[in-house]
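J.: For reference, the file protein_35.txt (compact mmCIF, N, CA and C atoms) is included below:
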```
# COMPACT_ATOMS: atom_id res chain seq x y z
N MET A 8 0.85 -1.17 0.00
CA MET A 8 0.00 0.00 0.00
C MET A 8 0.89 1.24 0.00
N SER A 9 0.50 2.21 -0.79
CA SER A 9 1.28 3.44 -0.87
C SER A 9 1.04 4.31 0.36
N GLU A 10 1.96 5.24 0.56
CA GLU A 10 1.83 6.16 1.70
C GLU A 10 0.58 7.02 1.54
N LYS A 11 0.27 7.40 0.30
CA LYS A 11 -0.92 8.22 0.04
C LYS A 11 -2.19 7.44 0.42
N GLU A 12 -2.25 6.17 0.05
CA GLU A 12 -3.42 5.35 0.40
C GLU A 12 -3.56 5.21 1.91
N LEU A 13 -2.44 5.02 2.59
CA LEU A 13 -2.46 4.91 4.05
C LEU A 13 -2.96 6.21 4.67
N ASP A 14 -2.49 7.34 4.15
CA ASP A 14 -2.93 8.63 4.67
C ASP A 14 -4.43 8.84 4.46
N ILE A 15 -4.94 8.42 3.33
CA ILE A 15 -6.38 8.54 3.05
C ILE A 15 -7.17 7.68 4.03
N ARG A 16 -6.74 6.43 4.22
CA ARG A 16 -7.41 5.53 5.16
C ARG A 16 -7.35 6.08 6.58
N PHE A 17 -6.21 6.68 6.94
CA PHE A 17 -6.04 7.27 8.27
C PHE A 17 -7.01 8.44 8.45
N GLN A 18 -7.09 9.32 7.47
CA GLN A 18 -8.00 10.47 7.57
C GLN A 18 -9.46 10.01 7.65
N GLU A 19 -9.81 8.96 6.93
CA GLU A 19 -11.17 8.41 7.01
C GLU A 19 -11.44 7.90 8.43
N ALA A 20 -10.46 7.24 9.03
CA ALA A 20 -10.61 6.74 10.41
C ALA A 20 -10.74 7.90 11.39
N VAL A 21 -9.99 8.97 11.18
CA VAL A 21 -10.08 10.15 12.04
C VAL A 21 -11.49 10.74 11.95
N GLU A 22 -12.05 10.77 10.76
CA GLU A 22 -13.41 11.29 10.59
C GLU A 22 -14.43 10.42 11.32
N ILE A 23 -14.27 9.11 11.22
CA ILE A 23 -15.15 8.18 11.95
C ILE A 23 -15.03 8.43 13.44
N ALA A 24 -13.80 8.56 13.92
CA ALA A 24 -13.56 8.77 15.35
C ALA A 24 -14.16 10.08 15.83
N SER A 25 -14.12 11.11 15.00
CA SER A 25 -14.64 12.42 15.41
C SER A 25 -16.15 12.39 15.63
N LYS A 26 -16.82 11.40 15.07
CA LYS A 26 -18.27 11.27 15.24
C LYS A 26 -18.64 10.37 16.42
N MET A 27 -17.64 9.76 17.04
CA MET A 27 -17.88 8.89 18.19
C MET A 27 -17.97 9.72 19.46
N SER A 28 -18.78 9.26 20.39
CA SER A 28 -18.89 9.92 21.68
C SER A 28 -17.84 9.34 22.62
N GLN A 29 -17.01 10.20 23.17
CA GLN A 29 -15.97 9.73 24.09
C GLN A 29 -16.57 9.03 25.30
N SER A 30 -17.74 9.49 25.72
CA SER A 30 -18.35 8.90 26.90
C SER A 30 -18.77 7.44 26.68
N ASP A 31 -18.87 7.04 25.42
CA ASP A 31 -19.23 5.65 25.10
C ASP A 31 -18.02 4.71 25.12
N LEU A 32 -16.83 5.28 25.17
CA LEU A 32 -15.61 4.48 25.11
C LEU A 32 -14.95 4.37 26.48
N PRO A 33 -14.51 3.18 26.86
CA PRO A 33 -13.77 3.05 28.12
C PRO A 33 -12.49 3.90 28.07
N GLN A 34 -12.04 4.34 29.23
CA GLN A 34 -10.87 5.21 29.27
C GLN A 34 -9.62 4.56 28.70
N ASP A 35 -9.46 3.25 28.90
CA ASP A 35 -8.26 2.61 28.35
C ASP A 35 -8.29 2.63 26.82
N VAL A 36 -9.46 2.53 26.23
CA VAL A 36 -9.59 2.61 24.77
C VAL A 36 -9.31 4.03 24.31
N GLN A 37 -9.82 5.02 25.03
CA GLN A 37 -9.55 6.42 24.69
C GLN A 37 -8.05 6.70 24.72
N LEU A 38 -7.37 6.19 25.74
CA LEU A 38 -5.92 6.40 25.85
C LEU A 38 -5.17 5.73 24.72
N ARG A 39 -5.59 4.52 24.36
CA ARG A 39 -4.94 3.79 23.27
C ARG A 39 -5.10 4.55 21.95
N LEU A 40 -6.31 5.03 21.69
CA LEU A 40 -6.56 5.80 20.47
C LEU A 40 -5.75 7.09 20.46
N TYR A 41 -5.71 7.75 21.61
CA TYR A 41 -4.92 8.98 21.74
C TYR A 41 -3.45 8.70 21.40
N ALA A 42 -2.92 7.64 21.98
CA ALA A 42 -1.50 7.32 21.77
C ALA A 42 -1.23 7.01 20.30
N TYR A 43 -2.07 6.19 19.68
CA TYR A 43 -1.88 5.87 18.26
C TYR A 43 -1.96 7.14 17.41
N TYR A 44 -2.94 7.98 17.71
CA TYR A 44 -3.11 9.21 16.93
C TYR A 44 -1.89 10.12 17.07
N LYS A 45 -1.43 10.32 18.30
CA LYS A 45 -0.28 11.20 18.52
C LYS A 45 0.97 10.64 17.85
N GLN A 46 1.19 9.33 17.96
CA GLN A 46 2.36 8.72 17.34
C GLN A 46 2.25 8.83 15.82
N ALA A 47 1.04 8.66 15.29
CA ALA A 47 0.82 8.72 13.84
C ALA A 47 1.00 10.13 13.30
N THR A 48 0.67 11.13 14.09
CA THR A 48 0.73 12.51 13.60
C THR A 48 1.99 13.27 14.01
N MET A 49 2.63 12.82 15.09
CA MET A 49 3.80 13.56 15.58
C MET A 49 5.07 12.72 15.69
N GLY A 50 4.93 11.41 15.63
CA GLY A 50 6.09 10.55 15.82
C GLY A 50 6.46 10.47 17.29
N THR A 51 7.62 9.96 17.57
CA THR A 51 8.05 9.79 18.95
C THR A 51 8.34 11.14 19.58
N LYS A 52 7.77 11.33 20.75
CA LYS A 52 7.88 12.60 21.46
C LYS A 52 9.06 12.58 22.42
N SER A 53 9.70 13.73 22.54
CA SER A 53 10.67 13.88 23.63
C SER A 53 9.86 14.39 24.82
N TYR A 54 9.95 13.69 25.90
CA TYR A 54 9.09 13.96 27.05
C TYR A 54 9.71 15.01 27.94
N ASN A 55 8.91 16.03 28.22
CA ASN A 55 9.36 17.15 29.02
C ASN A 55 8.31 17.40 30.11
N PHE A 56 8.60 16.95 31.31
CA PHE A 56 7.65 17.07 32.40
C PHE A 56 7.82 18.42 33.10
N SER A 57 6.72 19.12 33.27
CA SER A 57 6.76 20.42 33.95
C SER A 57 6.08 20.30 35.31
N PRO A 58 6.28 21.27 36.18
CA PRO A 58 5.67 21.21 37.51
C PRO A 58 4.14 21.18 37.49
N ASP A 59 3.53 21.73 36.45
CA ASP A 59 2.07 21.75 36.38
C ASP A 59 1.50 20.54 35.63
N PHE A 60 2.30 19.50 35.50
CA PHE A 60 1.91 18.27 34.81
C PHE A 60 0.86 17.54 35.66
N ASP A 61 -0.38 17.47 35.16
CA ASP A 61 -1.46 16.88 35.95
C ASP A 61 -1.60 15.38 35.68
N LEU A 62 -2.44 14.74 36.46
CA LEU A 62 -2.61 13.29 36.37
C LEU A 62 -3.12 12.86 35.00
N ARG A 63 -4.07 13.60 34.45
CA ARG A 63 -4.61 13.26 33.13
C ARG A 63 -3.52 13.29 32.07
N SER A 64 -2.70 14.33 32.11
CA SER A 64 -1.58 14.44 31.17
C SER A 64 -0.59 13.30 31.36
N ALA A 65 -0.39 12.89 32.60
CA ALA A 65 0.53 11.79 32.88
C ALA A 65 0.03 10.49 32.25
N PHE A 66 -1.26 10.22 32.37
CA PHE A 66 -1.82 9.01 31.76
C PHE A 66 -1.69 9.06 30.23
N LYS A 67 -1.96 10.21 29.65
CA LYS A 67 -1.87 10.35 28.20
C LYS A 67 -0.42 10.17 27.73
N THR A 68 0.50 10.79 28.44
CA THR A 68 1.91 10.68 28.08
C THR A 68 2.39 9.24 28.24
N ASN A 69 1.96 8.58 29.31
CA ASN A 69 2.34 7.19 29.54
C ASN A 69 1.84 6.30 28.40
N ALA A 70 0.60 6.50 27.98
CA ALA A 70 0.04 5.71 26.88
C ALA A 70 0.85 5.92 25.61
N TRP A 71 1.24 7.15 25.35
CA TRP A 71 2.02 7.47 24.17
C TRP A 71 3.42 6.85 24.26
N MET A 72 4.03 6.92 25.44
CA MET A 72 5.37 6.35 25.63
C MET A 72 5.35 4.84 25.39
N GLN A 73 4.27 4.18 25.76
CA GLN A 73 4.20 2.73 25.62
C GLN A 73 4.20 2.27 24.17
N ILE A 74 3.78 3.13 23.26
CA ILE A 74 3.77 2.72 21.85
C ILE A 74 4.79 3.53 21.04
N SER A 75 5.69 4.22 21.69
CA SER A 75 6.66 5.08 21.00
C SER A 75 7.63 4.29 20.11
N HIS A 76 7.67 2.98 20.26
CA HIS A 76 8.54 2.16 19.41
C HIS A 76 7.94 1.97 18.01
N LEU A 77 6.67 2.31 17.84
CA LEU A 77 6.01 2.15 16.54
C LEU A 77 6.43 3.27 15.59
N SER A 78 6.54 2.93 14.32
CA SER A 78 6.78 3.96 13.31
C SER A 78 5.47 4.73 13.10
N ILE A 79 5.55 5.84 12.43
CA ILE A 79 4.35 6.62 12.13
C ILE A 79 3.35 5.79 11.32
N ASP A 80 3.85 5.07 10.32
CA ASP A 80 2.95 4.24 9.50
C ASP A 80 2.33 3.11 10.30
N GLU A 81 3.10 2.49 11.19
CA GLU A 81 2.55 1.43 12.04
C GLU A 81 1.46 1.98 12.95
N ALA A 82 1.70 3.16 13.52
CA ALA A 82 0.71 3.78 14.40
C ALA A 82 -0.57 4.09 13.63
N LYS A 83 -0.43 4.54 12.39
CA LYS A 83 -1.60 4.81 11.56
C LYS A 83 -2.40 3.53 11.34
N GLU A 84 -1.71 2.45 11.03
CA GLU A 84 -2.38 1.16 10.80
C GLU A 84 -3.12 0.70 12.05
N PHE A 85 -2.47 0.79 13.21
CA PHE A 85 -3.11 0.38 14.46
C PHE A 85 -4.32 1.27 14.77
N TYR A 86 -4.19 2.56 14.50
CA TYR A 86 -5.31 3.48 14.73
C TYR A 86 -6.49 3.11 13.84
N ILE A 87 -6.21 2.89 12.57
CA ILE A 87 -7.27 2.52 11.61
C ILE A 87 -7.96 1.24 12.06
N GLU A 88 -7.18 0.22 12.41
CA GLU A 88 -7.75 -1.05 12.87
C GLU A 88 -8.62 -0.86 14.10
N ALA A 89 -8.13 -0.08 15.06
CA ALA A 89 -8.87 0.13 16.32
C ALA A 89 -10.19 0.85 16.06
N ILE A 90 -10.16 1.87 15.22
CA ILE A 90 -11.38 2.63 14.94
C ILE A 90 -12.40 1.76 14.23
N HIS A 91 -11.95 0.99 13.26
CA HIS A 91 -12.89 0.12 12.54
C HIS A 91 -13.45 -0.97 13.45
N GLU A 92 -12.63 -1.48 14.34
CA GLU A 92 -13.10 -2.49 15.30
C GLU A 92 -14.19 -1.89 16.20
N ILE A 93 -13.95 -0.71 16.71
CA ILE A 93 -14.93 -0.04 17.58
C ILE A 93 -16.20 0.27 16.80
N ALA A 94 -16.05 0.79 15.59
CA ALA A 94 -17.21 1.15 14.77
C ALA A 94 -18.05 -0.09 14.45
N ASN A 95 -17.41 -1.21 14.18
CA ASN A 95 -18.13 -2.43 13.86
C ASN A 95 -18.86 -3.00 15.09
N GLU A 96 -18.28 -2.82 16.28
CA GLU A 96 -18.94 -3.26 17.51
C GLU A 96 -20.20 -2.47 17.79
N LYS A 97 -20.23 -1.22 17.36
CA LYS A 97 -21.37 -0.34 17.63
C LYS A 97 -22.54 -0.61 16.68
N LYS A 98 -22.30 -1.37 15.62
CA LYS A 98 -23.36 -1.64 14.64
C LYS A 98 -24.32 -2.67 15.16
```
Once more with this new file: its structure as C-alpha cells, please.

T.:
Amino acid sequence: MSEKELDIRFQEAVEIASKMSQSDLPQDVQLRLYAYYKQATMGTKSYNFSPDFDLRSAFKTNAWMQISHLSIDEAKEFYIEAIHEIANEKK
C-alpha cells in the first residue's frame, strides 16, 4: 500500500472517530486511540515534564510512551484497525 493510500485511510478513520462519543468508550480505549493518533501525527515525542503536569496528562503521556517504538505508518495502521473495530462493535 502506498503512503498516500495509508494517509487517506487514516483520515477516514479520524473522521469516523470524530463522530464517536468519548463517553461511550472506556478510558483505556480512549488512551490507546490517543496514543496511536499522537504517534501517527507527531512521531516519537521527547518527554518534558513540567511542575504543572497533571494526572490526566501523565496518563496520556504514559500511553504514548508505551507505543513510542512504533513507526508513524505502524501507528496509523493500528489506529485505523482500532477505529474500525470499535465502529463495527457499535453496529

J.: Interatomic distance between CA of Ala42 (chain A) and CA of Phe17 (chain A)?

T.: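 One can read the CA of Ala42 (chain A) to CA of Phe17 (chain A) distance as 14.2 Å.
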
J.: Taking 4 positions as the minimum chain separation for residues in the same chain, which residues sit within 8 Å of Leu13 (chain A) when counting only N, CA and C atoms? Answer as a list of chain:residue names.

T.: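 Near neighbours after the sequence-gap exclusion: A:Met8, A:Ser9, A:Phe17, A:Gln18, A:Glu19, A:Asp80, A:Lys83, A:Glu84.
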
J.: Tell me, counting only C-alpha atoms, for each residue of region 10-79 of chain A within 10 Å of region 87-96 of chain A, which pair of atoms is nearest and how far apart they are in Å to one decimal, in rows ordered by chain and increasing number, as a Markdown table.

T.:
```
| residue | atom | partner | partner_atom | distance |
| --- | --- | --- | --- | --- |
| A:Leu13 | CA | A:Ile87 | CA | 9.3 |
| A:Arg16 | CA | A:Ile87 | CA | 7.1 |
| A:Phe17 | CA | A:Ile87 | CA | 5.9 |
| A:Gln18 | CA | A:Ile87 | CA | 8.9 |
| A:Glu19 | CA | A:Ile87 | CA | 8.4 |
| A:Ala20 | CA | A:Ile87 | CA | 5.5 |
| A:Val21 | CA | A:Ile87 | CA | 8.1 |
| A:Glu22 | CA | A:Ile90 | CA | 9.9 |
| A:Ile23 | CA | A:Ile90 | CA | 7.3 |
| A:Ala24 | CA | A:Ile90 | CA | 6.5 |
| A:Met27 | CA | A:Ala94 | CA | 8.5 |
| A:Leu32 | CA | A:Ile93 | CA | 8.8 |
| A:Val36 | CA | A:Ala89 | CA | 8.8 |
| A:Arg39 | CA | A:Ala89 | CA | 8.8 |
| A:Leu40 | CA | A:Ala89 | CA | 7.4 |
| A:Tyr43 | CA | A:Ile87 | CA | 9.2 |
| A:Tyr44 | CA | A:Ile87 | CA | 9.5 |
```

J.: Can you write out the residues you just picked, keeping N, CA and C atoms, as a PDB file, keeping the file's coordinate frame?

T.:
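Final output, result_30.pdb:
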```pdb
ATOM      1  N   LEU A  13      -2.440   5.020   2.590  1.00  0.00           N
ATOM      2  CA  LEU A  13      -2.460   4.910   4.050  1.00  0.00           C
ATOM      3  C   LEU A  13      -2.960   6.210   4.670  1.00  0.00           C
ATOM      4  N   ARG A  16      -6.740   6.430   4.220  1.00  0.00           N
ATOM      5  CA  ARG A  16      -7.410   5.530   5.160  1.00  0.00           C
ATOM      6  C   ARG A  16      -7.350   6.080   6.580  1.00  0.00           C
ATOM      7  N   PHE A  17      -6.210   6.680   6.940  1.00  0.00           N
ATOM      8  CA  PHE A  17      -6.040   7.270   8.270  1.00  0.00           C
ATOM      9  C   PHE A  17      -7.010   8.440   8.450  1.00  0.00           C
ATOM     10  N   GLN A  18      -7.090   9.320   7.470  1.00  0.00           N
ATOM     11  CA  GLN A  18      -8.000  10.470   7.570  1.00  0.00           C
ATOM     12  C   GLN A  18      -9.460  10.010   7.650  1.00  0.00           C
ATOM     13  N   GLU A  19      -9.810   8.960   6.930  1.00  0.00           N
ATOM     14  CA  GLU A  19     -11.170   8.410   7.010  1.00  0.00           C
ATOM     15  C   GLU A  19     -11.440   7.900   8.430  1.00  0.00           C
ATOM     16  N   ALA A  20     -10.460   7.240   9.030  1.00  0.00           N
ATOM     17  CA  ALA A  20     -10.610   6.740  10.410  1.00  0.00           C
ATOM     18  C   ALA A  20     -10.740   7.900  11.390  1.00  0.00           C
ATOM     19  N   VAL A  21      -9.990   8.970  11.180  1.00  0.00           N
ATOM     20  CA  VAL A  21     -10.080  10.150  12.040  1.00  0.00           C
ATOM     21  C   VAL A  21     -11.490  10.740  11.950  1.00  0.00           C
ATOM     22  N   GLU A  22     -12.050  10.770  10.760  1.00  0.00           N
ATOM     23  CA  GLU A  22     -13.410  11.290  10.590  1.00  0.00           C
ATOM     24  C   GLU A  22     -14.430  10.420  11.320  1.00  0.00           C
ATOM     25  N   ILE A  23     -14.270   9.110  11.220  1.00  0.00           N
ATOM     26  CA  ILE A  23     -15.150   8.180  11.950  1.00  0.00           C
ATOM     27  C   ILE A  23     -15.030   8.430  13.440  1.00  0.00           C
ATOM     28  N   ALA A  24     -13.800   8.560  13.920  1.00  0.00           N
ATOM     29  CA  ALA A  24     -13.560   8.770  15.350  1.00  0.00           C
ATOM     30  C   ALA A  24     -14.160  10.080  15.830  1.00  0.00           C
ATOM     31  N   MET A  27     -17.640   9.760  17.040  1.00  0.00           N
ATOM     32  CA  MET A  27     -17.880   8.890  18.190  1.00  0.00           C
ATOM     33  C   MET A  27     -17.970   9.720  19.460  1.00  0.00           C
ATOM     34  N   LEU A  32     -16.830   5.280  25.170  1.00  0.00           N
ATOM     35  CA  LEU A  32     -15.610   4.480  25.110  1.00  0.00           C
ATOM     36  C   LEU A  32     -14.950   4.370  26.480  1.00  0.00           C
ATOM     37  N   VAL A  36      -9.460   2.530  26.230  1.00  0.00           N
ATOM     38  CA  VAL A  36      -9.590   2.610  24.770  1.00  0.00           C
ATOM     39  C   VAL A  36      -9.310   4.030  24.310  1.00  0.00           C
ATOM     40  N   ARG A  39      -5.590   4.520  24.360  1.00  0.00           N
ATOM     41  CA  ARG A  39      -4.940   3.790  23.270  1.00  0.00           C
ATOM     42  C   ARG A  39      -5.100   4.550  21.950  1.00  0.00           C
ATOM     43  N   LEU A  40      -6.310   5.030  21.690  1.00  0.00           N
ATOM     44  CA  LEU A  40      -6.560   5.800  20.470  1.00  0.00           C
ATOM     45  C   LEU A  40      -5.750   7.090  20.460  1.00  0.00           C
ATOM     46  N   TYR A  43      -2.070   6.190  19.680  1.00  0.00           N
ATOM     47  CA  TYR A  43      -1.880   5.870  18.260  1.00  0.00           C
ATOM     48  C   TYR A  43      -1.960   7.140  17.410  1.00  0.00           C
ATOM     49  N   TYR A  44      -2.940   7.980  17.710  1.00  0.00           N
ATOM     50  CA  TYR A  44      -3.110   9.210  16.930  1.00  0.00           C
ATOM     51  C   TYR A  44      -1.890  10.120  17.070  1.00  0.00           C
TER      52      TYR A  44
END
```

J.: Out of A:Lys26, A:Lys11, A:Lys45, A:Lys67, which residue has the shortest atom-to-atom distance to Phe85 (chain A) when counting only C-alpha atoms?

T.: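 Ranked by minimum distance to Phe85 (chain A), first place goes to A:Lys45.
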
J.: If you run DSSP on the backbone here, which positions in chain A get alpha helix (DSSP H)? Please write them as a PyMOL selection string.

T.: chain A and resi 10-25+34-49+62-73+79-97

J.: What separation in Å, quoted to one decimal, exists between atom C of Ser75 (chain A) and atom C of Arg63 (chain A)?

T.: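 Atom C of Ser75 (chain A) sits 18.7 Å away from atom C of Arg63 (chain A).
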
J.: Determine the nearest neighbour of Gln37 (chain A) from the options A:Asp61, A:Glu10, A:Leu77, A:Phe66, counting only C-alpha atoms.

T.: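 Between A:Asp61, A:Glu10, A:Leu77, A:Phe66, the residue approaching Gln37 (chain A) most closely is A:Phe66.
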
J.: Could you tell me, as a list in words, which residues have any atom at most 12 Å from (7.0, 13.2, 17.3), counting only C-alpha atoms?

T.: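 I get Ala42, Tyr43, Tyr44, Lys45, Gln46, Ala47, Thr48, Met49, Gly50, Thr51, Lys52, Ser53, Tyr54, Trp71, Met72, Ile74, Ser75, His76, Leu77, Ser78, Ile79 and Ala82 of chain A for the residues within 12 Å of that point.
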
J.: Please measure the separation of atom C of Gln73 (chain A) and atom N of Gln34 (chain A), giving the value in Å to one decimal.

T.: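 That distance, rounded to one decimal, is 17.1 Å.
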